[in-house]
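J.: Input structure: model-v2.pdb, which contains PDB, C-alpha atoms.
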ATOM      1  CA  MET A 202       7.157 -22.554 -16.451
ATOM      2  CA  ILE A 203       7.458 -19.563 -14.116
ATOM      3  CA  ASN A 204       9.612 -19.377 -11.019
ATOM      4  CA  VAL A 205       9.329 -16.447  -8.597
ATOM      5  CA  HIS A 206      12.454 -15.126  -6.911
ATOM      6  CA  TYR A 207      10.903 -13.473  -3.864
ATOM      7  CA  MET A 208      12.478 -10.084  -3.205
ATOM      8  CA  GLY A 209      11.711  -8.238  -0.013
ATOM      9  CA  ARG A 210       9.105  -9.154   2.539
ATOM     10  CA  MET A 211       5.483 -10.253   2.544
ATOM     11  CA  GLY A 212       3.933  -7.421   0.516
ATOM     12  CA  ASN A 213       6.597  -7.599  -2.183
ATOM     13  CA  SER A 214       6.179 -11.358  -2.444
ATOM     14  CA  MET A 215       2.435 -10.951  -2.982
ATOM     15  CA  PHE A 216       3.069  -8.661  -5.962
ATOM     16  CA  GLN A 217       5.611 -11.066  -7.443
ATOM     17  CA  TYR A 218       3.298 -14.044  -7.089
ATOM     18  CA  SER A 219       0.480 -11.953  -8.593
ATOM     19  CA  GLY A 220       2.699 -11.319 -11.620
ATOM     20  CA  ALA A 221       3.260 -15.029 -12.119
ATOM     21  CA  TRP A 222      -0.468 -15.653 -11.697
ATOM     22  CA  VAL A 223      -1.311 -13.021 -14.339
ATOM     23  CA  LEU A 224       1.160 -14.578 -16.790
ATOM     24  CA  ASN A 225      -0.519 -17.918 -16.202
ATOM     25  CA  ARG A 226      -3.928 -16.407 -16.907
ATOM     26  CA  ARG A 227      -2.853 -14.463 -19.972
ATOM     27  CA  MET A 228      -0.297 -16.805 -21.538
ATOM     28  CA  GLY A 229      -1.050 -20.226 -20.051
ATOM     29  CA  ILE A 230       2.418 -20.591 -18.527
ATOM     30  CA  ALA A 231       2.661 -22.939 -15.552
ATOM     31  CA  VAL A 232       3.625 -21.508 -12.152
ATOM     32  CA  GLU A 233       6.046 -23.621 -10.136
ATOM     33  CA  THR A 234       6.230 -21.413  -7.028
ATOM     34  CA  PRO A 235       5.158 -23.158  -3.796
ATOM     35  CA  ARG A 236       2.332 -21.905  -1.636
ATOM     36  CA  PHE A 237       3.334 -19.273   0.882
ATOM     37  CA  GLY A 238       1.797 -18.221   4.160
ATOM     38  CA  PRO A 239      -1.841 -19.073   4.851
ATOM     39  CA  PHE A 240      -2.994 -18.324   1.286
ATOM     40  CA  SER A 241      -4.434 -21.691   0.283
ATOM     41  CA  LYS A 242      -4.993 -20.655  -3.348
ATOM     42  CA  THR A 243      -1.343 -19.822  -3.962
ATOM     43  CA  GLY A 244       1.222 -22.424  -4.949
ATOM     44  CA  PRO A 245       1.844 -24.353  -8.172
ATOM     45  CA  ILE A 246      -0.559 -23.599 -11.030
ATOM     46  CA  PRO A 247      -0.799 -25.926 -14.043
ATOM     47  CA  GLY A 248      -0.220 -24.680 -17.550
ATOM     48  CA  ALA A 249       1.866 -25.204 -20.667
ATOM     49  CA  ARG A 250       5.189 -26.906 -19.880
ATOM     50  CA  GLN A 251       6.990 -27.055 -23.228
ATOM     51  CA  GLU A 252      10.111 -25.201 -22.103
ATOM     52  CA  THR A 253      13.152 -24.827 -24.310
ATOM     53  CA  ASP A 254      16.626 -24.487 -22.858
ATOM     54  CA  GLY A 255      17.580 -21.310 -21.031
ATOM     55  CA  GLU A 256      15.856 -18.805 -18.828
ATOM     56  CA  TYR A 257      14.065 -15.519 -19.479
ATOM     57  CA  VAL A 258      14.489 -13.208 -16.486
ATOM     58  CA  ILE A 259      12.068 -10.378 -15.672
ATOM     59  CA  CYS A 260      13.970  -7.941 -13.464
ATOM     60  CA  ARG A 261      14.503  -4.259 -12.682
ATOM     61  CA  THR A 262      10.981  -3.285 -13.602
ATOM     62  CA  ASN A 263       7.529  -2.805 -12.130
ATOM     63  CA  ILE A 264       5.806  -3.396 -15.472
ATOM     64  CA  LEU A 265       4.721  -6.732 -16.951
ATOM     65  CA  ASP A 266       5.245  -5.945 -20.646
ATOM     66  CA  LEU A 267       3.216  -8.819 -22.100
ATOM     67  CA  GLU A 268       4.001  -7.975 -25.724
ATOM     68  CA  LYS A 269       7.722  -7.972 -25.000
ATOM     69  CA  ILE A 270       7.499 -11.193 -22.998
ATOM     70  CA  GLU A 271       5.575 -12.982 -25.754
ATOM     71  CA  ARG A 272       8.096 -11.745 -28.311
ATOM     72  CA  GLU A 273      11.289 -12.553 -26.428
ATOM     73  CA  PHE A 274      10.843 -15.395 -23.960
ATOM     74  CA  GLN A 275      10.465 -18.002 -26.768
ATOM     75  CA  GLY A 276       9.314 -20.838 -24.570
ATOM     76  CA  ARG A 277      12.119 -20.560 -22.026
ATOM     77  CA  ARG A 278      11.565 -20.910 -18.311
ATOM     78  CA  ILE A 279      10.621 -17.497 -16.870
ATOM     79  CA  LYS A 280      12.152 -16.200 -13.656
ATOM     80  CA  ILE A 281      10.460 -13.223 -11.996
ATOM     81  CA  ALA A 282      13.014 -11.164 -10.076
ATOM     82  CA  ALA A 283      11.178  -7.832 -10.102
ATOM     83  CA  HIS A 284       8.868  -6.075  -7.670
ATOM     84  CA  LEU A 285       5.986  -5.521 -10.160
ATOM     85  CA  GLU A 286       4.437  -2.755  -8.042
ATOM     86  CA  ASN A 287       2.200  -1.281 -10.722
ATOM     87  CA  LEU A 288      -1.581  -1.698 -10.919
ATOM     88  CA  GLN A 289      -1.419  -1.738 -14.712
ATOM     89  CA  ASN A 290      -0.240  -5.352 -14.408
ATOM     90  CA  PHE A 291      -3.421  -6.422 -12.647
ATOM     91  CA  LEU A 292      -6.208  -4.357 -14.208
ATOM     92  CA  GLY A 293      -9.291  -6.518 -14.667
ATOM     93  CA  PHE A 294      -8.071  -9.038 -12.096
ATOM     94  CA  GLU A 295      -8.681  -7.058  -8.908
ATOM     95  CA  SER A 296     -11.540  -9.240  -7.628
ATOM     96  CA  GLU A 297      -9.671 -12.440  -8.437
ATOM     97  CA  LEU A 298      -6.559 -11.234  -6.604
ATOM     98  CA  LYS A 299      -8.681 -10.605  -3.518
ATOM     99  CA  GLU A 300      -9.861 -14.205  -3.712
ATOM    100  CA  LEU A 301      -6.321 -15.460  -4.346
ATOM    101  CA  PHE A 302      -5.079 -13.768  -1.170
ATOM    102  CA  GLU A 303      -8.065 -14.536   1.017
ATOM    103  CA  LEU A 304      -6.902 -14.374   4.622
ATOM    104  CA  PRO A 305      -8.057 -16.859   7.229
ATOM    105  CA  ALA A 306     -10.517 -15.683   9.866
ATOM    106  CA  TYR A 307      -8.685 -15.370  13.176
ATOM    107  CA  ARG A 308     -10.621 -15.406  16.435
ATOM    108  CA  PHE A 309     -10.886 -11.856  17.751
ATOM    109  CA  ASP A 310     -10.103 -13.017  21.270
ATOM    110  CA  SER A 311      -6.817 -14.489  20.006
ATOM    111  CA  TYR A 312      -5.393 -10.968  19.578
ATOM    112  CA  ARG A 313      -3.649  -9.216  22.463
ATOM    113  CA  PHE A 314      -4.468  -5.554  23.085
ATOM    114  CA  PHE A 315      -2.629  -2.939  25.120
ATOM    115  CA  LYS A 316      -3.283   0.610  26.330
ATOM    116  CA  ARG A 317      -1.129   3.108  28.131
ATOM    117  CA  GLY A 318      -1.073   2.447  31.856
ATOM    118  CA  VAL A 319       0.512   4.155  34.830
ATOM    119  CA  ARG A 320       4.052   3.234  33.834
ATOM    120  CA  ASP A 321       3.865   1.421  30.545
ATOM    121  CA  TYR A 322       1.442  -0.327  28.194
ATOM    122  CA  GLU A 323      -0.912  -2.696  29.966
ATOM    123  CA  GLU A 324      -2.864  -5.566  28.433
ATOM    124  CA  PHE A 325      -6.652  -5.391  28.557
ATOM    125  CA  VAL A 326      -9.742  -7.062  27.087
ATOM    126  CA  CYS A 327     -10.913  -5.157  24.025
ATOM    127  CA  ASP A 328     -14.431  -4.951  22.615
ATOM    128  CA  PRO A 329     -14.845  -6.047  18.959
ATOM    129  CA  ILE A 330     -14.160  -3.591  16.152
ATOM    130  CA  GLY A 331     -17.011  -1.214  15.371
ATOM    131  CA  PRO A 332     -17.792   0.760  12.202
ATOM    132  CA  GLY A 333     -16.530   3.981  13.774
ATOM    133  CA  ASP A 334     -13.093   2.664  14.702
ATOM    134  CA  VAL A 335      -9.951   3.553  12.742
ATOM    135  CA  VAL A 336      -6.628   1.721  12.397
ATOM    136  CA  VAL A 337      -3.158   3.026  11.593
ATOM    137  CA  SER A 338      -0.944   0.487   9.822
ATOM    138  CA  LEU A 339       2.387   1.855  11.060
ATOM    139  CA  ARG A 340       5.382   0.356   9.262
ATOM    140  CA  LEU A 341       8.657   0.724  11.167
ATOM    141  CA  GLY A 342      11.161  -2.164  11.262
ATOM    142  CA  ASP A 343      13.844  -1.860   8.589
ATOM    143  CA  PHE A 344      12.452   1.556   7.612
ATOM    144  CA  LEU A 345      14.410   2.834  10.642
ATOM    145  CA  GLU A 346      17.787   1.502   9.561
ATOM    146  CA  PRO A 347      20.646   3.903   8.730
ATOM    147  CA  LEU A 348      20.873   5.458   5.292
ATOM    148  CA  VAL A 349      22.359   2.692   3.183
ATOM    149  CA  LYS A 350      21.696   1.636  -0.375
ATOM    150  CA  ILE A 351      19.565  -1.383   0.495
ATOM    151  CA  ASN A 352      17.385  -0.047   3.331
ATOM    152  CA  PRO A 353      17.366   3.760   3.501
ATOM    153  CA  PRO A 354      14.794   5.228   5.906
ATOM    154  CA  HIS A 355      13.245   7.284   3.127
ATOM    155  CA  ARG A 356       9.950   5.359   3.349
ATOM    156  CA  LEU A 357       9.299   6.212   6.989
ATOM    157  CA  LEU A 358       6.015   7.959   7.894
ATOM    158  CA  LEU A 359       5.429   8.872  11.528
ATOM    159  CA  TYR A 360       2.933  10.651  13.763
ATOM    160  CA  ASP A 361       3.096  14.061  12.108
ATOM    161  CA  TYR A 362       2.064  12.527   8.786
ATOM    162  CA  PHE A 363      -0.790  10.392  10.148
ATOM    163  CA  ARG A 364      -2.117  13.282  12.212
ATOM    164  CA  ILE A 365      -3.053  15.086   8.962
ATOM    165  CA  ALA A 366      -5.803  12.506   8.407
ATOM    166  CA  ILE A 367      -6.577  11.661  12.043
ATOM    167  CA  ASP A 368      -7.468  15.267  12.837
ATOM    168  CA  ARG A 369      -9.897  15.468   9.890
ATOM    169  CA  ILE A 370     -11.917  12.313  10.383
ATOM    170  CA  SER A 371     -14.376  11.330  13.058
ATOM    171  CA  PHE A 372     -13.785   8.048  14.833
ATOM    172  CA  ASP A 373     -14.587   6.222  18.036
ATOM    173  CA  ARG A 374     -11.328   4.430  18.852
ATOM    174  CA  LEU A 375      -7.875   4.541  17.290
ATOM    175  CA  PHE A 376      -5.960   1.280  16.883
ATOM    176  CA  ILE A 377      -2.312   0.908  15.886
ATOM    177  CA  THR A 378      -0.800  -2.168  14.265
ATOM    178  CA  SER A 379       2.899  -2.320  13.548
ATOM    179  CA  ASP A 380       5.803  -4.677  13.067
ATOM    180  CA  GLU A 381       7.188  -2.892  16.179
ATOM    181  CA  PRO A 382       4.045  -1.899  18.107
ATOM    182  CA  PHE A 383       5.921  -0.896  21.279
ATOM    183  CA  HIS A 384       8.554   1.256  19.610
ATOM    184  CA  PRO A 385       8.979   4.713  21.261
ATOM    185  CA  PHE A 386       7.640   6.355  18.080
ATOM    186  CA  VAL A 387       4.232   4.882  18.908
ATOM    187  CA  ASN A 388       4.147   6.982  22.081
ATOM    188  CA  GLU A 389       3.568  10.104  19.985
ATOM    189  CA  PHE A 390      -0.024   8.932  19.396
ATOM    190  CA  TRP A 391      -0.846   8.936  23.125
ATOM    191  CA  GLU A 392      -3.119  11.982  22.937
ATOM    192  CA  TYR A 393      -5.585   9.793  20.997
ATOM    193  CA  ASP A 394      -5.536   7.067  23.679
ATOM    194  CA  PRO A 395      -4.552   4.417  21.091
ATOM    195  CA  ILE A 396      -5.133   0.700  21.411
ATOM    196  CA  ILE A 397      -1.978  -1.212  20.490
ATOM    197  CA  VAL A 398      -2.249  -4.643  18.877
ATOM    198  CA  GLN A 399       0.463  -7.208  19.569
ATOM    199  CA  ASN A 400       2.205  -8.294  16.350
ATOM    200  CA  GLU A 401       2.388 -12.076  16.685
ATOM    201  CA  ASP A 402       2.331 -12.913  12.992
ATOM    202  CA  PRO A 403       2.280 -10.677   9.869
ATOM    203  CA  TYR A 404      -0.630 -12.546   8.272
ATOM    204  CA  LYS A 405      -2.666 -12.290  11.438
ATOM    205  CA  THR A 406      -1.881  -8.582  11.677
ATOM    206  CA  MET A 407      -2.902  -8.044   8.047
ATOM    207  CA  ALA A 408      -6.175  -9.861   8.708
ATOM    208  CA  PHE A 409      -6.814  -7.577  11.678
ATOM    209  CA  VAL A 410      -6.387  -4.437   9.556
ATOM    210  CA  THR A 411      -8.986  -5.749   7.093
ATOM    211  CA  LEU A 412     -11.622  -5.661   9.861
ATOM    212  CA  PHE A 413     -11.826  -1.852   9.786
ATOM    213  CA  ASN A 414     -13.965   0.595   7.820
ATOM    214  CA  LYS A 415     -11.285   3.290   8.133
ATOM    215  CA  ILE A 416      -7.636   2.484   7.415
ATOM    216  CA  LEU A 417      -4.558   4.731   7.362
ATOM    217  CA  ILE A 418      -1.601   3.107   5.628
ATOM    218  CA  SER A 419       2.157   3.611   5.554
ATOM    219  CA  GLN A 420       4.367   3.775   2.479
ATOM    220  CA  SER A 421       4.509  -0.007   2.574
ATOM    221  CA  THR A 422       3.376  -2.857   0.343
ATOM    222  CA  PHE A 423       2.249  -4.740   3.467
ATOM    223  CA  SER A 424      -0.034  -1.834   4.402
ATOM    224  CA  TRP A 425      -1.161  -1.501   0.781
ATOM    225  CA  TRP A 426      -2.303  -5.135   0.580
ATOM    226  CA  ALA A 427      -4.063  -4.965   3.956
ATOM    227  CA  ALA A 428      -6.136  -2.017   2.735
ATOM    228  CA  PHE A 429      -6.708  -3.408  -0.750
ATOM    229  CA  LEU A 430      -7.966  -6.759   0.581
ATOM    230  CA  SER A 431     -10.346  -5.066   3.005
ATOM    231  CA  ASN A 432     -13.917  -3.874   2.534
ATOM    232  CA  ALA A 433     -13.068  -0.550   4.171
ATOM    233  CA  SER A 434     -15.153   2.437   3.143
ATOM    234  CA  ASP A 435     -12.269   4.884   3.668
ATOM    235  CA  ILE A 436      -8.574   4.260   2.981
ATOM    236  CA  TYR A 437      -6.019   7.037   3.519
ATOM    237  CA  PHE A 438      -3.090   6.625   1.129
ATOM    238  CA  PRO A 439       0.149   8.647   1.441
ATOM    239  CA  ILE A 440       1.558  11.133  -1.046
ATOM    240  CA  PRO A 441       4.944  11.208   0.705
ATOM    241  CA  LYS A 442       7.753  13.739   0.508
ATOM    242  CA  THR A 443      10.327  11.065  -0.268
ATOM    243  CA  GLY A 444      10.507   7.323  -0.893
ATOM    244  CA  PRO A 445       9.447   5.135  -3.828
ATOM    245  CA  TRP A 446       5.824   6.362  -3.762
ATOM    246  CA  SER A 447       6.934   9.983  -3.974
ATOM    247  CA  ASN A 448       7.606  12.259  -6.911
ATOM    248  CA  HIS A 449      10.477  14.706  -7.439
ATOM    249  CA  SER A 450      12.688  12.943  -4.884
ATOM    250  CA  VAL A 451      15.822  10.904  -5.525
ATOM    251  CA  PHE A 452      14.031   7.818  -4.196
ATOM    252  CA  GLY A 453      10.896   8.121  -6.346
ATOM    253  CA  ILE A 454      10.441   5.232  -8.794
ATOM    254  CA  ARG A 455       9.290   6.204 -12.265
ATOM    255  CA  ASP A 456       7.294   3.061 -13.158
ATOM    256  CA  LEU A 457       5.769   2.431  -9.713
ATOM    257  CA  ASP A 458       2.034   3.161  -9.501
ATOM    258  CA  LEU A 459      -0.085   1.780  -6.662
ATOM    259  CA  ARG A 460      -2.673   4.571  -6.452
ATOM    260  CA  VAL A 461      -6.094   2.941  -6.648
ATOM    261  CA  ASN A 462      -8.768   4.856  -8.558
ATOM    262  CA  GLU A 463     -11.680   4.096  -6.242
ATOM    263  CA  SER A 464     -13.842   6.537  -4.310
ATOM    264  CA  ARG A 465     -12.908   4.922  -0.990
ATOM    265  CA  TYR A 466      -9.264   5.979  -1.419
ATOM    266  CA  HIS A 467      -8.205   9.386  -0.078
ATOM    267  CA  PHE A 468      -4.718  10.644  -0.906
ATOM    268  CA  VAL A 469      -2.914  12.533   1.848
ATOM    269  CA  SER A 470      -0.205  15.019   0.891
ATOM    270  CA  TYR A 471       2.540  15.016   3.523
ATOM    271  CA  GLU A 472       3.976  18.212   2.035
ATOM    272  CA  GLU A 473       0.822  20.332   1.950
ATOM    273  CA  GLY A 474      -1.329  18.637   4.558
ATOM    274  CA  GLU A 475      -4.143  18.333   2.027
ATOM    275  CA  ILE A 476      -6.345  15.323   1.227
ATOM    276  CA  TYR A 477      -7.423  14.606  -2.354
ATOM    277  CA  GLN A 478      -9.644  12.175  -4.182
ATOM    278  CA  TYR A 479      -7.945  10.388  -7.064
ATOM    279  CA  ASP A 480      -9.209  12.752  -9.769
ATOM    280  CA  GLY A 481      -8.080  15.758  -7.761
ATOM    281  CA  ILE A 482      -4.434  14.815  -7.186
ATOM    282  CA  PRO A 483      -2.293  17.658  -8.619
ATOM    283  CA  GLU A 484       0.074  16.600 -11.398
ATOM    284  CA  ARG A 485       3.045  17.806  -9.351
ATOM    285  CA  TYR A 486       2.440  14.801  -7.101
ATOM    286  CA  LYS A 487       2.444  12.277  -9.958
ATOM    287  CA  ASN A 488       5.308  10.492 -11.646
ATOM    288  CA  PRO A 489       5.397  10.248 -15.474
ATOM    289  CA  TRP A 490       3.736   6.830 -15.454
ATOM    290  CA  GLN A 491       0.793   8.069 -13.378
ATOM    291  CA  ILE A 492       0.329  11.097 -15.632
ATOM    292  CA  GLU A 493       0.300   8.866 -18.715
ATOM    293  CA  ARG A 494      -2.210   6.471 -17.128
ATOM    294  CA  ASP A 495      -4.572   9.348 -16.341
ATOM    295  CA  ARG A 496      -4.462  10.542 -19.941
ATOM    296  CA  ARG A 497      -5.557   7.217 -21.422
TER
END
In structure tokens, write the structure found in this file.

T.:
Amino acid sequence: MINVHYMGRMGNSMFQYSGAWVLNRRMGIAVETPRFGPFSKTGPIPGARQETDGEYVICRTNILDLEKIEREFQGRRIKIAAHLENLQNFLGFESELKELFELPAYRFDSYRFFKRGVRDYEEFVCDPIGPGDVVVSLRLGDFLEPLVKINPPHRLLLYDYFRIAIDRISFDRLFITSDEPFHPFVNEFWEYDPIIVQNEDPYKTMAFVTLFNKILISQSTFSWWAAFLSNASDIYFPIPKTGPWSNHSVFGIRDLDLRVNESRYHFVSYEEGEIYQYDGIPERYKNPWQIERDRR
């Protein structure tokens, strides 16, 4: 049986549950984890339950090494205490994961929208999302905390990064969703007359992002899932200067690989201000795992 020790917030938890789900599909091991959020297809999953004594812990890795697990776990209860942020774990299951994490349909008029007024942001009635609208999934929150071991601000991407893509694409209206939508950093986008969406609930906010054809994401698993679960035709994915998605920085993670090899993904270099398709990303912006994957 598999237990998931959720580490981090919503996006991280979705990767950890996905890992347990994949182990159930590939090895028949039961998943004990309860349902979380509004995802009705998550929760306990039946499977083989002939556990021996002890526990096999998967930790400090982003890779589900199935051969190693089959060789070493020997029927023990499995505990997942790892982030598992690598697409290699889920290849072949992409469509099923989208079904697993199907978001509920929220009424559009249940969202609250704001625009810059005379003194501050003012609420207004917004027309439904159109195909020419673009959304920025701006992750702030604990990314702004002081430089400490647990939450360094190395993942933070602000206006100057997003402007690289915004200035190169055509769009009708620019929307911003964020865990802190009224933070002063949001004011930097004012020249684009942005529409701010109230963050009432993370699942509801994620569902809102999936409504768009054009999505710009932060260096955030929450943003990653929102884009991945959408039917957007264009997704702008960061190649950051620092943080776990970066390369050649102290915070880069060697076995992390969330770059999706689909034509709808565009990869934005914060350092150079260039935008690449997957096949055109220079090797200097790849970690060793990504280079090895491309050579297979």

J.: May I have the residues within 10 Å of A:Ile270 as a PDB file with C-alpha atoms, keeping the file's coordinate frame, using all atoms listed in the file and disregarding those fewer than 4 positions away in the same chain?

T.:
ATOM      1  CA  LEU A 224       1.160 -14.578 -16.790  1.00  0.00           C
ATOM      2  CA  MET A 228      -0.297 -16.805 -21.538  1.00  0.00           C
ATOM      3  CA  TYR A 257      14.065 -15.519 -19.479  1.00  0.00           C
ATOM      4  CA  VAL A 258      14.489 -13.208 -16.486  1.00  0.00           C
ATOM      5  CA  ILE A 259      12.068 -10.378 -15.672  1.00  0.00           C
ATOM      6  CA  LEU A 265       4.721  -6.732 -16.951  1.00  0.00           C
ATOM      7  CA  ASP A 266       5.245  -5.945 -20.646  1.00  0.00           C
ATOM      8  CA  PHE A 274      10.843 -15.395 -23.960  1.00  0.00           C
ATOM      9  CA  GLN A 275      10.465 -18.002 -26.768  1.00  0.00           C
ATOM     10  CA  GLY A 276       9.314 -20.838 -24.570  1.00  0.00           C
ATOM     11  CA  ILE A 279      10.621 -17.497 -16.870  1.00  0.00           C
TER      12      ILE A 279
END

J.: Emit as lines of an AutoDock Vina configuration file the padded axis-aligned box for all listed atoms of stretch 281-299 of chain A, 5 Å per side, with centre and edge lengths in Å to one decimal.

T.:
center_x = 0.7
center_y = -7.3
center_z = -9.1
size_x = 34.6
size_y = 21.9
size_z = 21.2

J.: Could you state the separation of atom CA of A:Ser434 and atom CA of A:Ile264 in Å, given to one decimal place?

T.: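 Between atom CA of A:Ser434 and atom CA of A:Ile264 the gap is 28.6 Å.
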
J.: Name every residue that the PyMOL selection byres ((chain A and resi 249) around 10) selects in this structure, writing the answer as a VMD selection string with chains first and numbers rising.

T.: chain A and resid 202 225 228 to 232 247 to 248 250 to 252 276

J.: As a check of understanding, name the residues that the PyMOL selection byres ((chain A and resi 398) around 8) selects in the supplied structure, as a list of chain:residue names.

T.: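 With the PyMOL selection byres ((chain A and resi 398) around 8) on this model, the match is A:Tyr312, A:Arg313, A:Phe314, A:Phe315, A:Phe376, A:Ile377, A:Thr378, A:Ser379, A:Pro382, A:Ile396, A:Ile397, A:Gln399, A:Asn400.
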
J.: Compare A:Ile476, A:Phe452, A:Lys405, A:Thr422 by their minimum atom-to-atom distance to A:Ile440, counting only C-alpha atoms, and give me the closest one.

T.: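 Answer, going by the shortest atom-to-atom distance: A:Ile476.
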
J.: Name the residues that the PyMOL selection byres ((chain A and resi 338-344) around 10) picks from the file above, as a ChimeraX atom specification, using the file's chain letters and numbers.

T.: /A:335-337,345-348,351-360,363,376-382,384,386-387,406-407,410,416-425,427-428

J.: Which residue out of A:Trp446, A:Thr243, A:Phe383, A:Asp402 has the minimum interatomic distance to A:Glu323 when only C-alpha atoms are used?

T.: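 Of the candidates, the smallest distance to A:Glu323 is held by A:Phe383.
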
J.: Name all residues at most 8 Å from A:Glu303 (count only C-alpha atoms; drop same-chain ones fewer than 3 positions away) and give them as a PyMOL selection string.

T.: chain A and resi 240+299-300+430

J.: For atom CA of A:Gly474 and atom CA of A:Phe390, determine how far apart the two atoms are, in Å to one decimal place.

T.: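 According to the coordinates, atom CA of A:Gly474 and atom CA of A:Phe390 are separated by 17.8 Å.
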
J.: Extract, using all atoms listed in the file, all DNA, RNA and protein residues at most 8 Å from A:Ile365, discarding same-chain residues fewer than 3 positions from it, and format them as a ChimeraX atom specification.

T.: /A:361-362,368-369,469,471,474-475

J.: Write the residues you've just listed into a file as a CSV table (one decimal), in the frame of the given file, and include C-alpha atoms for each of them.

T.:
chain,number,residue,atom,x,y,z
A,361,ASP,CA,3.1,14.1,12.1
A,362,TYR,CA,2.1,12.5,8.8
A,368,ASP,CA,-7.5,15.3,12.8
A,369,ARG,CA,-9.9,15.5,9.9
A,469,VAL,CA,-2.9,12.5,1.8
A,471,TYR,CA,2.5,15.0,3.5
A,474,GLY,CA,-1.3,18.6,4.6
A,475,GLU,CA,-4.1,18.3,2.0

J.: Can you tell me which residues surround stretch 211-215 of chain A at a distance of at most 10 Å, considering only C-alpha atoms, apart from same-chain residues fewer than 4 positions away, and format the answer as a list in words?

T.: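 Contacts, in chain order: Val205, His206, Tyr207, Ser219, Gly220, Phe237, Gly238, Thr243, Ala283, His284, Leu285, Glu286, Leu298, Leu301, Phe302, Pro403, Tyr404, Ser421, Thr422, Phe423, Ser424, Trp425, Trp426 and Ala427 of chain A.
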
J.: Around (-13.6, 9.6, 19.3) in the file's frame, which residues reach within 9 Å when counting only C-alpha atoms? Return as a list in words?

T.: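 Nearby residues: Gly333, Asp334, Ser371, Phe372, Asp373, Arg374, Leu375 and Tyr393 of chain A.
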
J.: Calculate how many Å separate atom CA of A:Ile281 from atom CA of A:Leu267, rounding to one decimal.

T.: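 Result for atom CA of A:Ile281 versus atom CA of A:Leu267: 13.2 Å, one decimal.
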
J.: Please output stretch 407-421 of chain A, rebuilt to include N, CA and C atoms, as a PDB file, in the coordinates of the input.

T.:
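After the write, selection-v4.pdb holds the following:
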ATOM      1  N   MET A 407      -2.242  -8.513   9.261  1.00  0.00           N
ATOM      2  CA  MET A 407      -2.902  -8.044   8.047  1.00  0.00           C
ATOM      3  C   MET A 407      -4.399  -8.331   8.113  1.00  0.00           C
ATOM      4  N   ALA A 408      -4.764  -9.510   8.589  1.00  0.00           N
ATOM      5  CA  ALA A 408      -6.175  -9.861   8.708  1.00  0.00           C
ATOM      6  C   ALA A 408      -6.890  -8.920   9.669  1.00  0.00           C
ATOM      7  N   PHE A 409      -6.205  -8.499  10.720  1.00  0.00           N
ATOM      8  CA  PHE A 409      -6.814  -7.577  11.678  1.00  0.00           C
ATOM      9  C   PHE A 409      -7.112  -6.233  11.024  1.00  0.00           C
ATOM     10  N   VAL A 410      -6.180  -5.724  10.228  1.00  0.00           N
ATOM     11  CA  VAL A 410      -6.387  -4.437   9.556  1.00  0.00           C
ATOM     12  C   VAL A 410      -7.617  -4.490   8.660  1.00  0.00           C
ATOM     13  N   THR A 411      -7.850  -5.643   8.019  1.00  0.00           N
ATOM     14  CA  THR A 411      -8.986  -5.749   7.093  1.00  0.00           C
ATOM     15  C   THR A 411     -10.334  -5.682   7.796  1.00  0.00           C
ATOM     16  N   LEU A 412     -10.367  -5.720   9.127  1.00  0.00           N
ATOM     17  CA  LEU A 412     -11.622  -5.661   9.861  1.00  0.00           C
ATOM     18  C   LEU A 412     -12.207  -4.252   9.922  1.00  0.00           C
ATOM     19  N   PHE A 413     -11.434  -3.238   9.552  1.00  0.00           N
ATOM     20  CA  PHE A 413     -11.826  -1.852   9.786  1.00  0.00           C
ATOM     21  C   PHE A 413     -12.496  -1.219   8.575  1.00  0.00           C
ATOM     22  N   ASN A 414     -13.358  -0.240   8.860  1.00  0.00           N
ATOM     23  CA  ASN A 414     -13.965   0.595   7.820  1.00  0.00           C
ATOM     24  C   ASN A 414     -13.082   1.770   7.452  1.00  0.00           C
ATOM     25  N   LYS A 415     -12.181   2.163   8.360  1.00  0.00           N
ATOM     26  CA  LYS A 415     -11.285   3.290   8.133  1.00  0.00           C
ATOM     27  C   LYS A 415      -9.851   2.830   8.381  1.00  0.00           C
ATOM     28  N   ILE A 416      -9.004   2.981   7.352  1.00  0.00           N
ATOM     29  CA  ILE A 416      -7.636   2.484   7.415  1.00  0.00           C
ATOM     30  C   ILE A 416      -6.681   3.574   6.956  1.00  0.00           C
ATOM     31  N   LEU A 417      -5.638   3.825   7.743  1.00  0.00           N
ATOM     32  CA  LEU A 417      -4.558   4.731   7.362  1.00  0.00           C
ATOM     33  C   LEU A 417      -3.312   3.893   7.135  1.00  0.00           C
ATOM     34  N   ILE A 418      -2.712   3.993   5.949  1.00  0.00           N
ATOM     35  CA  ILE A 418      -1.601   3.107   5.628  1.00  0.00           C
ATOM     36  C   ILE A 418      -0.279   3.861   5.538  1.00  0.00           C
ATOM     37  N   SER A 419       0.800   3.114   5.731  1.00  0.00           N
ATOM     38  CA  SER A 419       2.157   3.611   5.554  1.00  0.00           C
ATOM     39  C   SER A 419       2.574   3.471   4.094  1.00  0.00           C
ATOM     40  N   GLN A 420       3.777   3.948   3.801  1.00  0.00           N
ATOM     41  CA  GLN A 420       4.367   3.775   2.479  1.00  0.00           C
ATOM     42  C   GLN A 420       4.977   2.370   2.427  1.00  0.00           C
ATOM     43  N   SER A 421       4.123   1.386   2.347  1.00  0.00           N
ATOM     44  CA  SER A 421       4.509  -0.007   2.574  1.00  0.00           C
ATOM     45  C   SER A 421       3.614  -0.928   1.759  1.00  0.00           C
TER      46      SER A 421
END
